[in-house]
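Trainee: Sharing a structure below in structure tokens format, with a few things to ask.
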There are 2 protein chains.
Amino acid sequence: MKINTTTLAKNFIKENLKEGDIAIDATMGRGNDTLFLREIVGDNGFVYAFDIQEEALEATKNRLIENNLYNNVELILDGHQNIDKYINKQIDCAVFNFGYLPRGNHNISTKANTSIIAIEKCLKILKVKGVISLCVYQGGDTGFEEKDAILDFVKNLDYNKYTVIVSEFFNRPNYPPIHIKIIKEI
Amino acid sequence: MKINTTTLAKNFIKENLKEGDIAIDATMGRGNDTLFLREIVGDNGFVYAFDIQEEALEATKNRLIENNLYNNVELILDGHQNIDKYINKQIDCAVFNFGYLPRGNHNISTKANTSIIAIEKCLKILKVKGVISLCVYQGGDTGFEEKDAILDFVKNLDYNKYTVIVSEFFNRPNYPPIHIKIIKEI
């Protein structure tokens, strides 16, 4: 099995998130990351998950119930650009997996402007040494606009405050997704 | 302490190299990586280390002796483009840290053409699921020629045979070094 962008994201989260932590899944989708975060933070931690589609909340709720982990988690039917309406504490980790809902409507997808507002709001409430993981898609239905805007945004983050590492699958065809790690330094 | 390219390289090696393995330090320098590899492979493994400067061999030999690890290692005074003269077995890992000898003569440094020959020779003898770690410098005394040539080389590696991941410290000034991971897939 070949390593991919999801592997990079999961490894980064595993290295940095721990039992008892507070995490945000900013792009709930079918709940893969919500479940993954909930497993790591355990019964003393908490996960907030956001999506604008009822279908995503249903799918995620069912995945959590199947795994007996539908507690210490809040599934929120709203765009991630509004996280500050729901969370007024510091967080240890936020995870973004941009694009459209897997097996969902490709016309409904994350957009550069709201994605960047959401990242900014997560950075504000991120603890020192807290991390943000971004999986950014490009090409195909997705185009390049969101990727270019996000890369431009993270390139301009103050390097004294944030370490930004961008990783690319450099020799794969068809514009593979990019992984971005952000670590809050001070 | 902020993460840097050396951290990325060490984490990648730690995740993939194990006790009993055979590793190459293609750019011995002052022996940091030789010692690091030798610690991981242990008394049942082996490390071959290359450098063209006597000063590097002396420094590395002393570091190994200080750590009681001057066995199961061969320090070779020759360019890494000649590794096939010394190694005729399969290897698990090769490590390159390009540029000049730390605290040495900045006029003596690795060069694109021999660096790429060395990487090619390491790929040939790399086991399946074996890995190569490259720390590539740019800017300053180093310039961009070697970096550009190495990126061009790895971009053209067959993606069915090799996974190549390029990681950059995206928001740091002054052209920070780049880390390249290569994994042999088949």
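In the structure tokens, chains take the letters A, B, ... in the order shown, each chain's residues start at 1, and ligands count up from 1 in the order shown.
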What lies within 6 Å of segment 86-98 of chain A using only C-alpha atoms, ignoring chain neighbours under 2 positions off, as a PyMOL selection string?
Mentor: chain A and resi 22-27+83-84+110+125-127+130-136
Trainee: With N, CA and C atoms retained, write the just-selected residues as a compact mmCIF listing (two decimals), in the first residue's frame.
Mentor:
# COMPACT_ATOMS: atom_id res chain seq x y z
N ILE A 22 -8.34 18.75 22.78
CA ILE A 22 -9.53 19.27 22.10
C ILE A 22 -9.18 19.51 20.64
N ALA A 23 -10.00 18.92 19.75
CA ALA A 23 -9.70 19.00 18.32
C ALA A 23 -10.92 19.44 17.53
N ILE A 24 -10.65 20.03 16.37
CA ILE A 24 -11.71 20.41 15.43
C ILE A 24 -11.53 19.63 14.13
N ASP A 25 -12.61 18.99 13.68
CA ASP A 25 -12.64 18.50 12.31
C ASP A 25 -13.44 19.53 11.51
N ALA A 26 -12.74 20.36 10.78
CA ALA A 26 -13.38 21.49 10.11
C ALA A 26 -14.11 21.08 8.84
N THR A 27 -13.89 19.86 8.39
CA THR A 27 -14.52 19.36 7.17
C THR A 27 -14.95 17.92 7.42
N ILE A 83 -16.76 28.88 13.06
CA ILE A 83 -16.37 28.11 14.27
C ILE A 83 -16.39 28.94 15.54
N ASP A 84 -16.12 30.26 15.40
CA ASP A 84 -16.09 31.10 16.61
C ASP A 84 -17.47 31.28 17.25
N THR A 110 -15.76 23.08 -0.68
CA THR A 110 -15.19 24.19 0.07
C THR A 110 -14.69 25.26 -0.91
N ILE A 125 -7.32 30.43 17.99
CA ILE A 125 -7.63 29.68 19.22
C ILE A 125 -6.70 28.48 19.43
N LEU A 126 -5.70 28.36 18.55
CA LEU A 126 -4.77 27.24 18.66
C LEU A 126 -3.78 27.47 19.81
N LYS A 127 -3.58 26.45 20.64
CA LYS A 127 -2.58 26.55 21.71
C LYS A 127 -1.16 26.58 21.12
N GLY A 130 0.27 23.70 19.30
CA GLY A 130 -0.87 23.09 18.62
C GLY A 130 -0.63 23.04 17.12
N VAL A 131 -1.39 22.18 16.43
CA VAL A 131 -1.13 21.97 14.99
C VAL A 131 -2.41 22.02 14.16
N ILE A 132 -2.22 22.41 12.90
CA ILE A 132 -3.30 22.35 11.93
C ILE A 132 -2.82 21.54 10.73
N SER A 133 -3.67 20.61 10.30
CA SER A 133 -3.36 19.77 9.14
C SER A 133 -4.32 20.12 8.01
N LEU A 134 -3.76 20.40 6.83
CA LEU A 134 -4.58 20.76 5.67
C LEU A 134 -4.30 19.81 4.51
N CYS A 135 -5.33 19.12 4.01
CA CYS A 135 -5.21 18.36 2.76
C CYS A 135 -5.88 19.17 1.67
N VAL A 136 -5.09 19.57 0.70
CA VAL A 136 -5.58 20.51 -0.32
C VAL A 136 -5.59 19.82 -1.68
Trainee: Determine which residues of chain B DSSP labels as helix (DSSP H, G or I) from the backbone of this structure, then write them out as number ranges by chain.
Mentor: B: 5-16, 32-44, 54-66, 80-85, 112-125, 145-155
Trainee: Find the residues near Lys147 of chain B: any atom within 10 Å, counting only C-alpha atoms, skip ones fewer than 5 places away on the same chain, and give them as a PyMOL selection string.
Mentor: chain B and resi 98+111-112+135-139+142+152-153+177-178
Trainee: Next, write the just-selected residues to a file, as a PDB file, in the first residue's frame, keeping C-alpha atoms as the atom set.
Mentor:
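Contents of part31.pdb, as written:
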ATOM      1  CA  PHE B  98      24.384  17.862   0.442  1.00  0.00           C
ATOM      2  CA  LYS B 111      28.003  18.882  -7.113  1.00  0.00           C
ATOM      3  CA  ALA B 112      24.831  18.136  -9.070  1.00  0.00           C
ATOM      4  CA  CYS B 135      18.599  17.224   2.524  1.00  0.00           C
ATOM      5  CA  VAL B 136      19.127  19.730  -0.257  1.00  0.00           C
ATOM      6  CA  TYR B 137      20.530  23.198   0.338  1.00  0.00           C
ATOM      7  CA  GLN B 138      19.973  26.294  -1.753  1.00  0.00           C
ATOM      8  CA  GLY B 139      20.866  29.963  -1.820  1.00  0.00           C
ATOM      9  CA  THR B 142      25.390  26.850  -2.386  1.00  0.00           C
ATOM     10  CA  ASP B 152      14.385  17.658 -11.773  1.00  0.00           C
ATOM     11  CA  PHE B 153      15.901  14.195 -11.342  1.00  0.00           C
ATOM     12  CA  PRO B 177      16.906  23.519   2.903  1.00  0.00           C
ATOM     13  CA  ILE B 178      14.408  21.141   1.302  1.00  0.00           C
TER      14      ILE B 178
END
Trainee: Between atom CA of Val73 of chain B and atom CA of Glu54 of chain B, what distance in Å does the model show, to one decimal?
Mentor: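 Distance between the two atoms: 16.4 Å.
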Trainee: Kindly determine which residues of chain B lie within 7 Å of chain A, considering only C-alpha atoms, and give the answer as a list of chain:residue names.
Mentor: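 Output check: B:Val154, B:Lys155, B:Asn156, B:Leu157, B:Tyr159, B:Val164, B:Ile165, B:Val166, B:Ser167, B:Glu168, B:Phe169, B:Phe170, B:Asn171, B:Arg172.
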Trainee: Using the chain letters and numbers from this document, which residues of chain A does DSSP assign to strand (DSSP E or B), as a PyMOL selection string?
Mentor: chain A and resi 22-25+46-51+73-77+91-97+100+109+126-136+139+143+162-169+178-184
Trainee: Selection from above, N, CA and C atoms, as a short mmCIF file (atom, residue, chain, number, x, y, z; two decimals), in the first residue's frame, can you write it?
Mentor:
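File produced: again03.cif:
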data_model
loop_
_atom_site.label_atom_id
_atom_site.label_comp_id
_atom_site.auth_asym_id
_atom_site.auth_seq_id
_atom_site.Cartn_x
_atom_site.Cartn_y
_atom_site.Cartn_z
N ILE A 22 -8.34 18.75 22.78
CA ILE A 22 -9.53 19.27 22.10
C ILE A 22 -9.18 19.51 20.64
N ALA A 23 -10.00 18.92 19.75
CA ALA A 23 -9.70 19.00 18.32
C ALA A 23 -10.92 19.44 17.53
N ILE A 24 -10.65 20.03 16.37
CA ILE A 24 -11.71 20.41 15.43
C ILE A 24 -11.53 19.63 14.13
N ASP A 25 -12.61 18.99 13.68
CA ASP A 25 -12.64 18.50 12.31
C ASP A 25 -13.44 19.53 11.51
N PHE A 46 -12.25 16.16 23.53
CA PHE A 46 -13.49 16.57 22.86
C PHE A 46 -13.19 16.89 21.41
N VAL A 47 -14.16 16.55 20.53
CA VAL A 47 -14.03 16.88 19.11
C VAL A 47 -15.25 17.67 18.65
N TYR A 48 -15.00 18.82 18.02
CA TYR A 48 -16.03 19.59 17.34
C TYR A 48 -15.88 19.32 15.84
N ALA A 49 -17.00 18.97 15.18
CA ALA A 49 -16.92 18.69 13.74
C ALA A 49 -17.95 19.52 12.99
N PHE A 50 -17.54 20.07 11.85
CA PHE A 50 -18.38 21.00 11.08
C PHE A 50 -18.64 20.47 9.67
N ASP A 51 -19.87 20.66 9.21
CA ASP A 51 -20.18 20.45 7.80
C ASP A 51 -21.48 21.19 7.48
N VAL A 73 -18.28 14.56 21.61
CA VAL A 73 -18.16 15.07 20.25
C VAL A 73 -19.41 15.90 19.95
N GLU A 74 -19.23 17.00 19.21
CA GLU A 74 -20.37 17.81 18.81
C GLU A 74 -20.34 17.97 17.29
N LEU A 75 -21.41 17.51 16.64
CA LEU A 75 -21.50 17.63 15.18
C LEU A 75 -22.33 18.87 14.86
N ILE A 76 -21.73 19.79 14.14
CA ILE A 76 -22.34 21.11 13.95
C ILE A 76 -22.66 21.35 12.47
N LEU A 77 -23.94 21.62 12.19
CA LEU A 77 -24.39 21.86 10.82
C LEU A 77 -24.20 23.34 10.49
N ILE A 91 -7.76 25.29 21.45
CA ILE A 91 -7.75 23.93 20.88
C ILE A 91 -6.32 23.45 20.64
N ASP A 92 -6.19 22.13 20.52
CA ASP A 92 -4.87 21.53 20.30
C ASP A 92 -4.61 21.22 18.84
N CYS A 93 -5.68 21.08 18.08
CA CYS A 93 -5.51 20.58 16.71
C CYS A 93 -6.74 20.92 15.88
N ALA A 94 -6.53 21.26 14.62
CA ALA A 94 -7.65 21.39 13.67
C ALA A 94 -7.26 20.68 12.38
N VAL A 95 -8.25 20.02 11.79
CA VAL A 95 -8.00 19.22 10.58
C VAL A 95 -8.93 19.68 9.48
N PHE A 96 -8.34 19.95 8.31
CA PHE A 96 -9.11 20.35 7.13
C PHE A 96 -8.81 19.37 6.00
N ASN A 97 -9.86 18.91 5.37
CA ASN A 97 -9.72 18.04 4.21
C ASN A 97 -10.65 18.67 3.16
N TYR A 100 -14.95 18.39 -2.02
CA TYR A 100 -16.37 18.04 -1.91
C TYR A 100 -16.55 16.78 -1.06
N SER A 109 -18.70 22.34 -2.70
CA SER A 109 -17.33 22.10 -2.22
C SER A 109 -16.85 23.30 -1.42
N LEU A 126 -5.70 28.36 18.55
CA LEU A 126 -4.77 27.24 18.66
C LEU A 126 -3.78 27.47 19.81
N LYS A 127 -3.58 26.45 20.64
CA LYS A 127 -2.58 26.55 21.71
C LYS A 127 -1.16 26.58 21.12
N VAL A 128 -0.21 27.10 21.89
CA VAL A 128 1.20 27.02 21.47
C VAL A 128 1.58 25.54 21.38
N LYS A 129 2.27 25.19 20.28
CA LYS A 129 2.62 23.81 19.89
C LYS A 129 1.42 23.02 19.40
N GLY A 130 0.27 23.70 19.30
CA GLY A 130 -0.87 23.09 18.62
C GLY A 130 -0.63 23.04 17.12
N VAL A 131 -1.39 22.18 16.43
CA VAL A 131 -1.13 21.97 14.99
C VAL A 131 -2.41 22.02 14.16
N ILE A 132 -2.22 22.41 12.90
CA ILE A 132 -3.30 22.35 11.93
C ILE A 132 -2.82 21.54 10.73
N SER A 133 -3.67 20.61 10.30
CA SER A 133 -3.36 19.77 9.14
C SER A 133 -4.32 20.12 8.01
N LEU A 134 -3.76 20.40 6.83
CA LEU A 134 -4.58 20.76 5.67
C LEU A 134 -4.30 19.81 4.51
N CYS A 135 -5.33 19.12 4.01
CA CYS A 135 -5.21 18.36 2.76
C CYS A 135 -5.88 19.17 1.67
N VAL A 136 -5.09 19.57 0.70
CA VAL A 136 -5.58 20.51 -0.32
C VAL A 136 -5.59 19.82 -1.68
N GLY A 139 -6.72 20.44 -9.43
CA GLY A 139 -7.02 19.77 -10.70
C GLY A 139 -8.43 19.22 -10.73
N GLY A 143 -10.19 22.27 -9.57
CA GLY A 143 -9.46 23.42 -10.10
C GLY A 143 -8.26 23.77 -9.24
N TYR A 162 4.60 30.84 13.33
CA TYR A 162 4.11 29.57 12.77
C TYR A 162 5.16 28.91 11.90
N THR A 163 5.34 27.60 12.08
CA THR A 163 6.10 26.82 11.12
C THR A 163 5.12 26.21 10.14
N VAL A 164 5.41 26.39 8.85
CA VAL A 164 4.55 25.83 7.80
C VAL A 164 5.40 24.89 6.94
N ILE A 165 4.97 23.64 6.84
CA ILE A 165 5.67 22.67 5.99
C ILE A 165 4.70 22.18 4.92
N VAL A 166 5.09 22.37 3.67
CA VAL A 166 4.26 21.92 2.55
C VAL A 166 4.91 20.68 1.93
N SER A 167 4.13 19.59 1.82
CA SER A 167 4.66 18.35 1.24
C SER A 167 3.87 17.96 0.00
N GLU A 168 4.63 17.60 -1.03
CA GLU A 168 4.02 17.23 -2.31
C GLU A 168 4.49 15.85 -2.76
N PHE A 169 3.58 15.10 -3.36
CA PHE A 169 3.96 13.85 -4.02
C PHE A 169 4.48 14.24 -5.39
N ILE A 178 -2.04 18.04 -1.91
CA ILE A 178 -0.88 18.56 -1.19
C ILE A 178 -1.17 18.50 0.31
N HIS A 179 -0.16 18.23 1.12
CA HIS A 179 -0.37 18.28 2.57
C HIS A 179 0.37 19.47 3.17
N ILE A 180 -0.34 20.20 4.03
CA ILE A 180 0.28 21.35 4.71
C ILE A 180 0.18 21.15 6.22
N LYS A 181 1.34 21.27 6.88
CA LYS A 181 1.41 21.21 8.34
C LYS A 181 1.63 22.62 8.86
N ILE A 182 0.85 23.02 9.86
CA ILE A 182 1.11 24.30 10.54
C ILE A 182 1.32 24.01 12.02
N ILE A 183 2.41 24.53 12.58
CA ILE A 183 2.69 24.39 14.02
C ILE A 183 2.76 25.79 14.61
N LYS A 184 2.00 26.03 15.68
CA LYS A 184 2.06 27.35 16.33
C LYS A 184 3.26 27.37 17.27
#
Trainee: What is the distance between atom CA of Lys10 of chain A and atom CA of Asn32 of chain A, in Å to one decimal?
Mentor: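 Between atom CA of Lys10 of chain A and atom CA of Asn32 of chain A the gap is 10.6 Å.
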